[in-house]
file data-v2.pdb (PDB, C-alpha atoms)
ATOM      1  CA  MET Y 730      67.593 -21.524  -1.901
ATOM      2  CA  ALA Y 731      68.626 -23.201   1.373
ATOM      3  CA  MET Y 732      70.666 -21.054   3.743
ATOM      4  CA  ARG Y 733      73.896 -22.511   5.132
ATOM      5  CA  THR Y 734      75.438 -21.379   8.412
ATOM      6  CA  LEU Y 735      78.899 -22.155   9.750
ATOM      7  CA  HIS Y 736      79.728 -22.671  13.424
ATOM      8  CA  ALA Y 737      83.339 -23.128  14.580
ATOM      9  CA  ARG Y 738      84.832 -23.479  18.053
ATOM     10  CA  PRO Y 739      87.947 -24.753  19.841
ATOM     11  CA  HIS Y 740      87.854 -27.868  21.988
ATOM     12  CA  ALA Y 741      90.319 -29.850  24.134
ATOM     13  CA  TRP Y 742      90.117 -33.624  24.566
ATOM     14  CA  LYS Y 743      91.850 -35.089  27.650
ATOM     15  CA  LEU Y 744      94.352 -37.857  26.902
ATOM     16  CA  ARG Y 745      94.511 -41.139  28.831
ATOM     17  CA  GLU Y 746      98.104 -40.424  29.801
ATOM     18  CA  PRO Y 747     100.761 -37.852  28.866
ATOM     19  CA  PHE Y 748     101.738 -38.521  25.248
ATOM     20  CA  ALA Y 749     105.494 -38.219  24.753
ATOM     21  CA  ILE Y 750     107.295 -38.126  21.409
ATOM     22  CA  ALA Y 751     110.696 -36.780  20.384
ATOM     23  CA  ARG Y 752     109.251 -33.257  19.987
ATOM     24  CA  GLY Y 753     107.650 -33.022  23.426
ATOM     25  CA  VAL Y 754     104.833 -34.145  25.733
ATOM     26  CA  ARG Y 755     101.100 -33.403  25.541
ATOM     27  CA  SER Y 756      98.310 -34.041  28.038
ATOM     28  CA  GLU Y 757      95.393 -32.989  25.824
ATOM     29  CA  ALA Y 758      94.405 -32.866  22.169
ATOM     30  CA  ARG Y 759      93.480 -29.304  21.184
ATOM     31  CA  VAL Y 760      91.255 -29.209  18.114
ATOM     32  CA  VAL Y 761      88.778 -27.084  16.220
ATOM     33  CA  ILE Y 762      85.255 -28.372  15.604
ATOM     34  CA  VAL Y 763      83.112 -27.026  12.780
ATOM     35  CA  GLU Y 764      79.467 -27.545  11.882
ATOM     36  CA  LEU Y 765      77.744 -26.660   8.629
ATOM     37  CA  HIS Y 766      73.976 -26.292   9.028
ATOM     38  CA  GLU Y 767      71.881 -26.432   5.876
ATOM     39  CA  ASP Y 768      68.244 -27.330   5.259
ATOM     40  CA  GLY Y 769      67.863 -28.993   8.658
ATOM     41  CA  ARG Y 770      71.008 -31.130   8.292
ATOM     42  CA  VAL Y 771      74.388 -30.732   9.981
ATOM     43  CA  GLY Y 772      77.812 -31.709   8.628
ATOM     44  CA  ARG Y 773      80.637 -31.999  11.144
ATOM     45  CA  GLY Y 774      84.390 -31.656  10.877
ATOM     46  CA  GLU Y 775      87.258 -31.664  13.356
ATOM     47  CA  ALA Y 776      91.012 -31.090  13.083
ATOM     48  CA  GLY Y 777      94.012 -30.883  15.356
ATOM     49  CA  GLY Y 778      96.201 -29.127  12.814
ATOM     50  CA  VAL Y 779      99.921 -29.513  12.190
ATOM     51  CA  GLY Y 780     101.778 -28.233  15.217
ATOM     52  CA  TYR Y 781     105.224 -28.414  13.627
ATOM     53  CA  HIS Y 782     103.906 -26.124  10.877
ATOM     54  CA  GLY Y 783     102.917 -23.609  13.540
ATOM     55  CA  GLU Y 784      99.187 -24.383  13.489
ATOM     56  CA  THR Y 785      97.093 -23.841  16.606
ATOM     57  CA  PRO Y 786      93.333 -23.861  17.194
ATOM     58  CA  GLU Y 787      93.494 -20.074  17.152
ATOM     59  CA  SER Y 788      95.264 -19.905  13.789
ATOM     60  CA  MET Y 789      92.882 -22.454  12.275
ATOM     61  CA  LEU Y 790      89.827 -20.567  13.517
ATOM     62  CA  ALA Y 791      91.212 -17.392  11.959
ATOM     63  CA  GLN Y 792      91.556 -19.174   8.601
ATOM     64  CA  ILE Y 793      88.034 -20.539   8.879
ATOM     65  CA  GLU Y 794      86.683 -17.045   9.485
ATOM     66  CA  GLN Y 795      88.397 -15.837   6.304
ATOM     67  CA  VAL Y 796      86.323 -18.232   4.188
ATOM     68  CA  ARG Y 797      83.081 -18.034   6.165
ATOM     69  CA  PRO Y 798      81.300 -15.951   3.470
ATOM     70  CA  ALA Y 799      82.181 -18.465   0.746
ATOM     71  CA  LEU Y 800      81.147 -21.451   2.876
ATOM     72  CA  GLU Y 801      77.837 -19.859   3.812
ATOM     73  CA  ARG Y 802      77.159 -19.021   0.159
ATOM     74  CA  GLY Y 803      77.436 -22.730  -0.676
ATOM     75  CA  CYS Y 804      81.127 -23.355  -1.461
ATOM     76  CA  ASP Y 805      81.797 -27.058  -2.174
ATOM     77  CA  ARG Y 806      84.834 -29.229  -1.397
ATOM     78  CA  HIS Y 807      86.548 -28.586  -4.716
ATOM     79  CA  ALA Y 808      86.171 -24.831  -4.457
ATOM     80  CA  LEU Y 809      87.529 -25.031  -0.915
ATOM     81  CA  LEU Y 810      90.816 -26.378  -2.302
ATOM     82  CA  ARG Y 811      91.316 -23.025  -4.026
ATOM     83  CA  LEU Y 812      90.298 -20.927  -1.021
ATOM     84  CA  LEU Y 813      92.524 -22.330   1.723
ATOM     85  CA  PRO Y 814      96.011 -23.856   1.785
ATOM     86  CA  ALA Y 815      96.634 -27.394   2.977
ATOM     87  CA  GLY Y 816      96.336 -27.672   6.746
ATOM     88  CA  GLY Y 817      94.028 -28.294   9.653
ATOM     89  CA  ALA Y 818      91.469 -25.585   8.888
ATOM     90  CA  ARG Y 819      90.817 -27.001   5.448
ATOM     91  CA  HIS Y 820      90.659 -30.549   6.840
ATOM     92  CA  ALA Y 821      87.935 -29.566   9.321
ATOM     93  CA  LEU Y 822      85.867 -27.803   6.664
ATOM     94  CA  ASP Y 823      86.411 -30.512   4.058
ATOM     95  CA  ALA Y 824      85.264 -33.173   6.542
ATOM     96  CA  ALA Y 825      82.150 -31.152   7.336
ATOM     97  CA  LEU Y 826      81.350 -30.869   3.625
ATOM     98  CA  TRP Y 827      81.781 -34.629   3.102
ATOM     99  CA  ASP Y 828      79.486 -35.252   6.060
ATOM    100  CA  LEU Y 829      76.895 -32.749   4.846
ATOM    101  CA  GLU Y 830      76.928 -34.298   1.354
ATOM    102  CA  ALA Y 831      76.365 -37.741   2.856
ATOM    103  CA  ARG Y 832      73.402 -36.524   4.888
ATOM    104  CA  GLN Y 833      71.852 -34.650   1.984
ATOM    105  CA  SER Y 834      72.308 -37.501  -0.508
ATOM    106  CA  GLY Y 835      71.792 -40.505   1.768
ATOM    107  CA  VAL Y 836      74.993 -41.986   0.265
ATOM    108  CA  PRO Y 837      77.816 -42.816   2.741
ATOM    109  CA  ALA Y 838      81.042 -40.846   2.414
ATOM    110  CA  TRP Y 839      83.103 -43.907   1.529
ATOM    111  CA  THR Y 840      80.781 -44.716  -1.372
ATOM    112  CA  ARG Y 841      80.980 -41.122  -2.593
ATOM    113  CA  ALA Y 842      84.776 -41.458  -2.416
ATOM    114  CA  GLY Y 843      84.655 -44.318  -4.916
ATOM    115  CA  ILE Y 844      85.488 -47.140  -2.496
ATOM    116  CA  ALA Y 845      83.849 -50.203  -4.034
ATOM    117  CA  HIS Y 846      84.200 -52.576  -1.070
ATOM    118  CA  TRP Y 847      84.525 -51.569   2.574
ATOM    119  CA  ARG Y 848      86.866 -53.672   4.687
ATOM    120  CA  PRO Y 849      87.553 -53.541   8.428
ATOM    121  CA  VAL Y 850      90.415 -51.257   9.440
ATOM    122  CA  ASP Y 851      93.177 -52.489  11.764
ATOM    123  CA  SER Y 852      95.009 -49.541  13.276
ATOM    124  CA  ALA Y 853      98.349 -49.402  14.982
ATOM    125  CA  VAL Y 854      98.143 -48.119  18.530
ATOM    126  CA  THR Y 855     100.938 -45.957  19.850
ATOM    127  CA  ILE Y 856     103.271 -46.461  22.787
ATOM    128  CA  GLY Y 857     104.773 -43.069  23.600
ATOM    129  CA  ILE Y 858     108.290 -42.483  24.900
ATOM    130  CA  ARG Y 859     108.792 -43.821  28.438
ATOM    131  CA  ASP Y 860     111.269 -45.764  30.582
ATOM    132  CA  ILE Y 861     112.540 -49.001  29.064
ATOM    133  CA  ALA Y 862     110.738 -51.180  31.603
ATOM    134  CA  ALA Y 863     107.517 -49.264  30.996
ATOM    135  CA  TYR Y 864     107.736 -49.953  27.245
ATOM    136  CA  GLU Y 865     107.514 -53.673  27.982
ATOM    137  CA  VAL Y 866     104.610 -53.198  30.408
ATOM    138  CA  ALA Y 867     102.653 -51.177  27.836
ATOM    139  CA  ALA Y 868     103.385 -53.662  25.065
ATOM    140  CA  ARG Y 869     102.316 -56.599  27.209
ATOM    141  CA  ALA Y 870      98.998 -54.861  27.922
ATOM    142  CA  HIS Y 871      98.363 -54.636  24.176
ATOM    143  CA  ALA Y 872     100.104 -57.794  23.000
ATOM    144  CA  ALA Y 873      97.004 -59.041  21.174
ATOM    145  CA  TYR Y 874      96.795 -55.948  18.964
ATOM    146  CA  PRO Y 875      97.899 -56.566  15.363
ATOM    147  CA  TRP Y 876     100.072 -53.418  15.104
ATOM    148  CA  LEU Y 877     102.001 -51.391  17.674
ATOM    149  CA  LYS Y 878     103.733 -48.099  16.962
ATOM    150  CA  VAL Y 879     106.740 -47.360  19.136
ATOM    151  CA  LYS Y 880     107.747 -43.745  19.666
ATOM    152  CA  VAL Y 881     111.481 -43.359  20.274
ATOM    153  CA  GLY Y 882     114.077 -40.611  20.436
ATOM    154  CA  ARG Y 883     117.850 -40.526  20.339
ATOM    155  CA  GLY Y 884     118.354 -42.208  23.717
ATOM    156  CA  SER Y 885     118.140 -45.986  23.526
ATOM    157  CA  PRO Y 886     115.789 -46.784  20.638
ATOM    158  CA  VAL Y 887     117.001 -50.347  20.168
ATOM    159  CA  ASP Y 888     116.486 -51.112  23.862
ATOM    160  CA  ALA Y 889     112.993 -49.609  23.654
ATOM    161  CA  VAL Y 890     112.055 -51.768  20.667
ATOM    162  CA  ALA Y 891     113.544 -54.858  22.312
ATOM    163  CA  ALA Y 892     111.380 -54.207  25.369
ATOM    164  CA  VAL Y 893     108.260 -53.844  23.232
ATOM    165  CA  ARG Y 894     109.067 -57.066  21.404
ATOM    166  CA  ARG Y 895     109.429 -58.913  24.713
ATOM    167  CA  GLY Y 896     106.006 -57.675  25.748
ATOM    168  CA  ALA Y 897     104.310 -58.282  22.388
ATOM    169  CA  PRO Y 898     106.047 -61.146  20.567
ATOM    170  CA  ARG Y 899     103.589 -61.323  17.652
ATOM    171  CA  ALA Y 900     102.564 -57.726  16.973
ATOM    172  CA  ARG Y 901     103.786 -55.977  13.842
ATOM    173  CA  LEU Y 902     105.894 -52.949  14.721
ATOM    174  CA  ILE Y 903     106.300 -49.405  13.418
ATOM    175  CA  VAL Y 904     109.157 -47.430  14.945
ATOM    176  CA  ASP Y 905     108.700 -43.650  14.809
ATOM    177  CA  ALA Y 906     111.643 -41.411  15.700
ATOM    178  CA  ASN Y 907     109.967 -38.125  14.622
ATOM    179  CA  GLN Y 908     113.120 -36.860  12.849
ATOM    180  CA  SER Y 909     115.355 -37.372  15.895
ATOM    181  CA  TRP Y 910     118.080 -39.593  14.329
ATOM    182  CA  SER Y 911     120.989 -38.658  12.128
ATOM    183  CA  VAL Y 912     121.494 -40.575   8.890
ATOM    184  CA  GLU Y 913     124.519 -42.261  10.484
ATOM    185  CA  GLU Y 914     122.446 -43.354  13.471
ATOM    186  CA  LEU Y 915     119.777 -44.738  11.167
ATOM    187  CA  ARG Y 916     122.309 -46.879   9.335
ATOM    188  CA  ALA Y 917     123.672 -48.142  12.652
ATOM    189  CA  TYR Y 918     120.260 -48.838  14.173
ATOM    190  CA  VAL Y 919     118.735 -50.764  11.258
ATOM    191  CA  PRO Y 920     120.914 -53.916  11.623
ATOM    192  CA  ALA Y 921     120.407 -53.797  15.396
ATOM    193  CA  LEU Y 922     116.613 -53.588  14.935
ATOM    194  CA  GLN Y 923     116.369 -56.433  12.423
ATOM    195  CA  PRO Y 924     116.160 -59.217  15.047
ATOM    196  CA  PHE Y 925     112.992 -57.589  16.416
ATOM    197  CA  ALA Y 926     111.068 -57.866  13.133
ATOM    198  CA  VAL Y 927     110.309 -54.166  12.691
ATOM    199  CA  ASP Y 928     108.017 -53.606   9.700
ATOM    200  CA  LEU Y 929     108.510 -49.885   9.147
ATOM    201  CA  LEU Y 930     110.652 -46.923  10.235
ATOM    202  CA  GLU Y 931     108.669 -43.688  10.215
ATOM    203  CA  GLN Y 932     110.523 -40.409   9.534
ATOM    204  CA  PRO Y 933     113.715 -41.425  11.344
ATOM    205  CA  VAL Y 934     115.777 -38.453  10.094
ATOM    206  CA  ALA Y 935     115.125 -34.729   9.789
ATOM    207  CA  VAL Y 936     113.351 -33.581   6.649
ATOM    208  CA  ALA Y 937     116.408 -31.476   5.816
ATOM    209  CA  ASP Y 938     118.535 -34.637   5.866
ATOM    210  CA  SER Y 939     116.361 -36.582   3.410
ATOM    211  CA  ASP Y 940     119.080 -36.519   0.756
ATOM    212  CA  GLY Y 941     121.128 -38.708   3.079
ATOM    213  CA  LEU Y 942     118.604 -41.461   2.385
ATOM    214  CA  LEU Y 943     119.417 -41.551  -1.330
ATOM    215  CA  GLY Y 944     120.302 -45.128  -2.175
ATOM    216  CA  TYR Y 945     119.126 -46.406   1.218
ATOM    217  CA  ASP Y 946     118.876 -50.188   0.957
ATOM    218  CA  GLY Y 947     118.320 -51.158   4.568
ATOM    219  CA  ALA Y 948     116.247 -54.193   5.434
ATOM    220  CA  ILE Y 949     113.516 -52.060   7.047
ATOM    221  CA  PRO Y 950     111.591 -49.699   4.732
ATOM    222  CA  VAL Y 951     111.491 -46.009   5.599
ATOM    223  CA  CYS Y 952     108.299 -43.931   5.564
ATOM    224  CA  ALA Y 953     108.076 -40.169   4.991
ATOM    225  CA  ASP Y 954     105.838 -38.385   7.487
ATOM    226  CA  GLU Y 955     106.912 -34.826   8.285
ATOM    227  CA  ALA Y 956     108.544 -34.756   4.821
ATOM    228  CA  LEU Y 957     105.172 -35.085   3.071
ATOM    229  CA  SER Y 958     102.151 -32.807   3.047
ATOM    230  CA  THR Y 959     100.904 -32.485  -0.541
ATOM    231  CA  CYS Y 960     101.493 -33.804  -4.047
ATOM    232  CA  GLU Y 961     104.132 -31.109  -4.580
ATOM    233  CA  ASP Y 962     106.391 -32.877  -2.050
ATOM    234  CA  LEU Y 963     106.505 -36.235  -3.848
ATOM    235  CA  PRO Y 964     109.383 -35.570  -6.290
ATOM    236  CA  ALA Y 965     111.761 -34.735  -3.429
ATOM    237  CA  LEU Y 966     110.951 -38.051  -1.722
ATOM    238  CA  ALA Y 967     111.717 -40.305  -4.711
ATOM    239  CA  GLY Y 968     114.668 -42.610  -4.141
ATOM    240  CA  ARG Y 969     114.736 -41.705  -0.453
ATOM    241  CA  TYR Y 970     111.567 -43.182   1.077
ATOM    242  CA  GLN Y 971     109.640 -46.352   0.266
ATOM    243  CA  PHE Y 972     106.379 -45.421   2.061
ATOM    244  CA  VAL Y 973     104.532 -42.145   2.547
ATOM    245  CA  ASN Y 974     102.299 -41.363   5.516
ATOM    246  CA  ILE Y 975      99.253 -39.373   4.395
ATOM    247  CA  LYS Y 976      97.578 -37.359   7.153
ATOM    248  CA  LEU Y 977      94.456 -35.327   6.484
ATOM    249  CA  ASP Y 978      95.592 -32.443   8.688
ATOM    250  CA  LYS Y 979      98.630 -32.116   6.403
ATOM    251  CA  THR Y 980      96.837 -32.555   3.074
ATOM    252  CA  GLY Y 981      93.972 -30.312   4.093
ATOM    253  CA  GLY Y 982      91.254 -32.937   4.043
ATOM    254  CA  LEU Y 983      90.073 -36.166   2.467
ATOM    255  CA  THR Y 984      89.456 -34.599  -0.948
ATOM    256  CA  ALA Y 985      93.121 -33.663  -1.354
ATOM    257  CA  ALA Y 986      94.299 -36.841   0.407
ATOM    258  CA  LEU Y 987      92.610 -39.056  -2.177
ATOM    259  CA  GLU Y 988      94.399 -37.131  -4.933
ATOM    260  CA  LEU Y 989      97.709 -37.478  -3.087
ATOM    261  CA  ALA Y 990      97.202 -41.218  -2.597
ATOM    262  CA  SER Y 991      96.634 -41.689  -6.316
ATOM    263  CA  ALA Y 992      99.701 -39.625  -7.227
ATOM    264  CA  ALA Y 993     101.896 -41.388  -4.662
ATOM    265  CA  ARG Y 994     100.926 -44.845  -5.895
ATOM    266  CA  ALA Y 995     101.590 -43.783  -9.477
ATOM    267  CA  ALA Y 996     105.045 -42.607  -8.377
ATOM    268  CA  GLY Y 997     105.805 -46.013  -6.853
ATOM    269  CA  PHE Y 998     105.315 -45.255  -3.159
ATOM    270  CA  ARG Y 999     103.561 -47.594  -0.755
ATOM    271  CA  LEU Y1000     100.847 -46.000   1.353
ATOM    272  CA  MET Y1001     100.278 -45.440   5.042
ATOM    273  CA  VAL Y1002      97.502 -43.343   6.557
ATOM    274  CA  GLY Y1003      98.069 -41.551   9.841
ATOM    275  CA  CYS Y1004      96.463 -38.898  12.002
ATOM    276  CA  MET Y1005      97.136 -36.092  14.419
ATOM    277  CA  LEU Y1006      95.650 -36.149  17.901
ATOM    278  CA  GLY Y1007      91.903 -35.627  17.829
ATOM    279  CA  GLY Y1008      88.513 -37.241  18.258
ATOM    280  CA  SER Y1009      86.492 -39.566  16.056
ATOM    281  CA  VAL Y1010      85.232 -36.846  13.730
ATOM    282  CA  SER Y1011      88.822 -35.900  12.857
ATOM    283  CA  VAL Y1012      89.815 -39.518  12.218
ATOM    284  CA  ALA Y1013      86.728 -40.952  10.483
ATOM    285  CA  PRO Y1014      87.579 -39.466   7.048
ATOM    286  CA  GLY Y1015      90.978 -41.159   7.370
ATOM    287  CA  MET Y1016      89.200 -44.488   7.628
ATOM    288  CA  VAL Y1017      87.954 -43.890   4.081
ATOM    289  CA  LEU Y1018      91.527 -43.319   2.901
ATOM    290  CA  ALA Y1019      92.642 -46.399   4.867
ATOM    291  CA  GLN Y1020      90.802 -48.561   2.331
ATOM    292  CA  LEU Y1021      93.636 -47.711  -0.101
ATOM    293  CA  CYS Y1022      96.570 -48.109   2.303
ATOM    294  CA  GLU Y1023      98.791 -50.984   3.465
ATOM    295  CA  VAL Y1024      99.451 -49.510   6.902
ATOM    296  CA  CYS Y1025      96.976 -47.675   9.113
ATOM    297  CA  ASP Y1026      97.734 -45.548  12.175
ATOM    298  CA  LEU Y1027      94.455 -43.887  13.174
ATOM    299  CA  ASP Y1028      94.567 -44.209  16.938
ATOM    300  CA  GLY Y1029      93.958 -40.566  17.901
ATOM    301  CA  PRO Y1030      90.640 -41.248  19.667
ATOM    302  CA  TRP Y1031      92.081 -44.400  21.274
ATOM    303  CA  LEU Y1032      94.689 -42.236  23.007
ATOM    304  CA  GLN Y1033      91.989 -40.025  24.536
ATOM    305  CA  ALA Y1034      90.201 -40.327  27.862
ATOM    306  CA  GLU Y1035      87.023 -39.035  26.185
ATOM    307  CA  ASP Y1036      85.547 -38.846  22.704
ATOM    308  CA  TRP Y1037      82.369 -38.112  20.755
ATOM    309  CA  PRO Y1038      79.348 -40.138  21.937
ATOM    310  CA  GLY Y1039      78.856 -42.875  19.358
ATOM    311  CA  GLY Y1040      82.421 -42.457  18.107
ATOM    312  CA  ILE Y1041      84.919 -45.000  16.819
ATOM    313  CA  VAL Y1042      85.222 -48.214  18.838
ATOM    314  CA  TYR Y1043      88.606 -49.963  18.975
ATOM    315  CA  GLN Y1044      88.497 -53.697  19.657
ATOM    316  CA  GLN Y1045      92.122 -54.818  20.015
ATOM    317  CA  GLY Y1046      93.087 -52.391  17.274
ATOM    318  CA  ARG Y1047      90.212 -53.104  14.895
ATOM    319  CA  MET Y1048      88.230 -49.929  14.255
ATOM    320  CA  SER Y1049      84.516 -49.525  13.689
ATOM    321  CA  MET Y1050      83.182 -46.537  11.782
ATOM    322  CA  PRO Y1051      81.511 -44.031  14.114
ATOM    323  CA  GLN Y1052      77.753 -44.167  14.259
ATOM    324  CA  PRO Y1053      76.159 -42.422  11.256
ATOM    325  CA  ALA Y1054      74.902 -39.652  13.531
ATOM    326  CA  VAL Y1055      78.532 -38.707  14.268
ATOM    327  CA  TRP Y1056      80.072 -38.585  10.766
ATOM    328  CA  GLY Y1057      79.757 -39.904   7.244
TER     329      GLY Y1057
END

call {"tool": "encode", "arguments": {"input": "data-v2.pdb", "output": "structure tokens"}}
result
Amino acid sequence: MAMRTLHARPHAWKLREPFAIARGVRSEARVVIVELHEDGRVGRGEAGGVGYHGETPESMLAQIEQVRPALERGCDRHALLRLLPAGGARHALDAALWDLEARQSGVPAWTRAGIAHWRPVDSAVTIGIRDIAAYEVAARAHAAYPWLKVKVGRGSPVDAVAAVRRGAPRARLIVDANQSWSVEELRAYVPALQPFAVDLLEQPVAVADSDGLLGYDGAIPVCADEALSTCEDLPALAGRYQFVNIKLDKTGGLTAALELASAARAAGFRLMVGCMLGGSVSVAPGMVLAQLCEVCDLDGPWLQAEDWPGGIVYQQGRMSMPQPAVWG
């Protein structure tokens, strides 16, 4: 019987520029990287975790150590779902198991996931919170990209979006307030944002205020992000959100994310795939899920100053899969 060994370590990726959202500013992406070695093959996984759930690289590494014996005895992805809760640690291990399966079988991960036809993935790229004039400068630099995501807070979100629209007249726009608006502000901002052709509002209000969205009929659909982690959250989102943003760090990996996508579609939600900050190995499994989603926001590696050699390449927002040696 082949012996499997698990290696796990923290890592920090430098970002191109400080990344500012309503919750704070970051200058690096802190992740955990795992490797599963078995029979001369290596499966890789990476995760940044869910900071607003209290996850850190240290907490994720502690969880990984708890299941080391099971992983090294040959635990598979489905057994892993029973061993760890949803979160970054499970995402990293799940990704490594998908990668190891692909290397052992010679069948790409997306084929094993049941994706019949692979299509190119166009990702939104994110403009973090900045001065109004700087929003326009950033948008103009990326005006040819198909999707831009605009991070805003409570300050002057309409002015920020107007500046982005001046800089990028044709790009499709996602506006992400990261829970910073009240329900009353949302209802005031939506008519003001309509002239700027915003496609989607991502988690504009606090999760605790989701009931205030009951009966929302604004012209811009609203997407649940922080309000959704697993299938158990879906009933509370019905009638409040039109889209759900599925992130593998929240679901605890691609295996659970595929189940969540199926359940969300059955419940009438439209699908978006997103990511936390992290390198190509953390994002590549999300590209598999992206084949099932209308909206894709997988720009974590694009925001970094460095990444895995042979990682994802972004050509004006269009993503390539990483080289097979990296993942999948």

call {"tool": "residues_around", "arguments": {"input": "data-v2.pdb", "residues": "Ala926 in chain Y", "least_positions_apart": "3", "cutoff": "9 Å", "atoms": "only C-alpha atoms", "output": "list in words"}}
result
Arg894, Arg901, Leu902, Leu922, Gln923 and Ile949 of chain Y

call {"tool": "residues_around", "arguments": {"input": "data-v2.pdb", "residues": "Trp827 in chain Y", "least_positions_apart": "2", "cutoff": "8 Å", "atoms": "all atoms listed in the file", "output": "VMD selection string"}}
result
chain Y and resid 772 806 823 to 825 829 to 831 838 1057

call {"tool": "residues_around", "arguments": {"input": "data-v2.pdb", "residues": "range 981-984 of chain Y", "least_positions_apart": "6", "cutoff": "9 Å", "atoms": "only C-alpha atoms", "output": "count of residues only"}}
result
23

call {"tool": "atom_distance", "arguments": {"input": "data-v2.pdb", "atom1": "CA of Ala956 in chain Y", "atom2": "CA of Lys743 in chain Y"}}
result
28.3 Å

call {"tool": "resolve_selection", "arguments": {"input": "data-v2.pdb", "expression": "the PyMOL selection byres ((chain Y and resi 988-991) around 12)", "output": "JSON, numbers by chain"}}
result
{"Y": [807, 810, 815, 842, 957, 958, 959, 960, 961, 962, 963, 972, 973, 974, 975, 976, 977, 979, 980, 981, 982, 983, 984, 985, 986, 987, 992, 993, 994, 995, 996, 997, 998, 999, 1000, 1001, 1002, 1015, 1017, 1018, 1019, 1020, 1021, 1022, 1023]}

call {"tool": "resolve_selection", "arguments": {"input": "data-v2.pdb", "expression": "the PyMOL selection byres ((chain Y and resi 849-853) around 6)", "output": "PyMOL selection string"}}
result
chain Y and resi 848+854+876-878+1025-1027+1046-1048

call {"tool": "write_last_selection", "arguments": {"input": "data-v2.pdb", "atoms": "C-alpha atoms", "output": "JSON list (two decimals), in the coordinates of the input"}}
result
[["chain", "number", "residue", "atom", "x", "y", "z"],
["Y", 848, "ARG", "CA", 86.87, -53.67, 4.69],
["Y", 854, "VAL", "CA", 98.14, -48.12, 18.53],
["Y", 876, "TRP", "CA", 100.07, -53.42, 15.10],
["Y", 877, "LEU", "CA", 102.00, -51.39, 17.67],
["Y", 878, "LYS", "CA", 103.73, -48.10, 16.96],
["Y", 1025, "CYS", "CA", 96.98, -47.68, 9.11],
["Y", 1026, "ASP", "CA", 97.73, -45.55, 12.18],
["Y", 1027, "LEU", "CA", 94.46, -43.89, 13.17],
["Y", 1046, "GLY", "CA", 93.09, -52.39, 17.27],
["Y", 1047, "ARG", "CA", 90.21, -53.10, 14.90],
["Y", 1048, "MET", "CA", 88.23, -49.93, 14.26]]

call {"tool": "resolve_selection", "arguments": {"input": "data-v2.pdb", "expression": "the PyMOL selection byres ((chain Y and resi 1011) around 8)", "output": "ChimeraX atom specification"}}
result
/Y:774-777,821,824,1007-1010,1012-1015

call {"tool": "atom_distance", "arguments": {"input": "data-v2.pdb", "atom1": "CA of Asp928 in chain Y", "atom2": "CA of Asp905 in chain Y"}}
result
11.2 Å

call {"tool": "atom_distance", "arguments": {"input": "data-v2.pdb", "atom1": "CA of Tyr781 in chain Y", "atom2": "CA of Arg745 in chain Y"}}
result
22.5 Å

call {"tool": "residues_around", "arguments": {"input": "data-v2.pdb", "residues": "Pro739 in chain Y", "least_positions_apart": "2", "cutoff": "10 Å", "atoms": "all atoms listed in the file", "output": "list of chain:residue names"}}
result
Y:Ala737, Y:Ala741, Y:Arg759, Y:Val760, Y:Val761, Y:Ile762, Y:Val763, Y:Glu775, Y:Ala776, Y:Gly777, Y:Thr785, Y:Pro786, Y:Glu787, Y:Met789, Y:Leu790

call {"tool": "closest_residue", "arguments": {"input": "data-v2.pdb", "among": "Y:Ala897, Y:Ile793, Y:Ile903, Y:Val866", "to": "Val881 in chain Y", "atoms": "only C-alpha atoms"}}
result
Y:Ile903

call {"tool": "closest_residue", "arguments": {"input": "data-v2.pdb", "among": "Y:Pro1030, Y:Pro964, Y:Gly857, Y:Gly941", "to": "Ile750 in chain Y", "atoms": "all atoms listed in the file"}}
result
Y:Gly857

call {"tool": "axis_aligned_box", "arguments": {"input": "data-v2.pdb", "around": "range 771-779 of chain Y", "padding_each_side": "5 Å", "output": "lines of an AutoDock Vina configuration file"}}
result
center_x = 87.2
center_y = -30.6
center_z = 12.0
size_x = 35.5
size_y = 12.9
size_z = 16.7

call {"tool": "closest_residue", "arguments": {"input": "data-v2.pdb", "among": "Y:Glu757, Y:Glu914, Y:Glu746, Y:Glu794", "to": "Leu1006 in chain Y", "atoms": "only C-alpha atoms"}}
result
Y:Glu757

call {"tool": "decode", "arguments": {"input": "data-v2.pdb", "residues": "range 982-1002 of chain Y", "atoms": "C-alpha atoms", "output": "short mmCIF file (atom, residue, chain, number, x, y, z; two decimals), in the first residue's frame"}}
result
data_model
loop_
_atom_site.label_atom_id
_atom_site.label_comp_id
_atom_site.auth_asym_id
_atom_site.auth_seq_id
_atom_site.Cartn_x
_atom_site.Cartn_y
_atom_site.Cartn_z
CA GLY Y 982 -13.43 23.33 -0.93
CA LEU Y 983 -14.59 22.50 -4.43
CA THR Y 984 -16.33 19.28 -3.39
CA ALA Y 985 -18.75 21.13 -1.12
CA ALA Y 986 -18.96 24.11 -3.49
CA LEU Y 987 -20.30 21.94 -6.31
CA GLU Y 988 -23.01 20.65 -3.97
CA LEU Y 989 -23.85 24.20 -2.90
CA ALA Y 990 -24.04 25.39 -6.52
CA SER Y 991 -26.52 22.64 -7.35
CA ALA Y 992 -28.66 23.39 -4.29
CA ALA Y 993 -28.59 27.15 -4.93
CA ARG Y 994 -29.69 26.77 -8.54
CA ALA Y 995 -32.49 24.44 -7.48
CA ALA Y 996 -33.61 27.10 -4.99
CA GLY Y 997 -33.78 29.72 -7.75
CA PHE Y 998 -30.58 31.66 -7.07
CA ARG Y 999 -28.25 32.87 -9.79
CA LEU Y 1000 -24.60 32.00 -9.29
CA MET Y 1001 -21.40 33.95 -8.83
CA VAL Y 1002 -18.03 32.47 -7.92
#
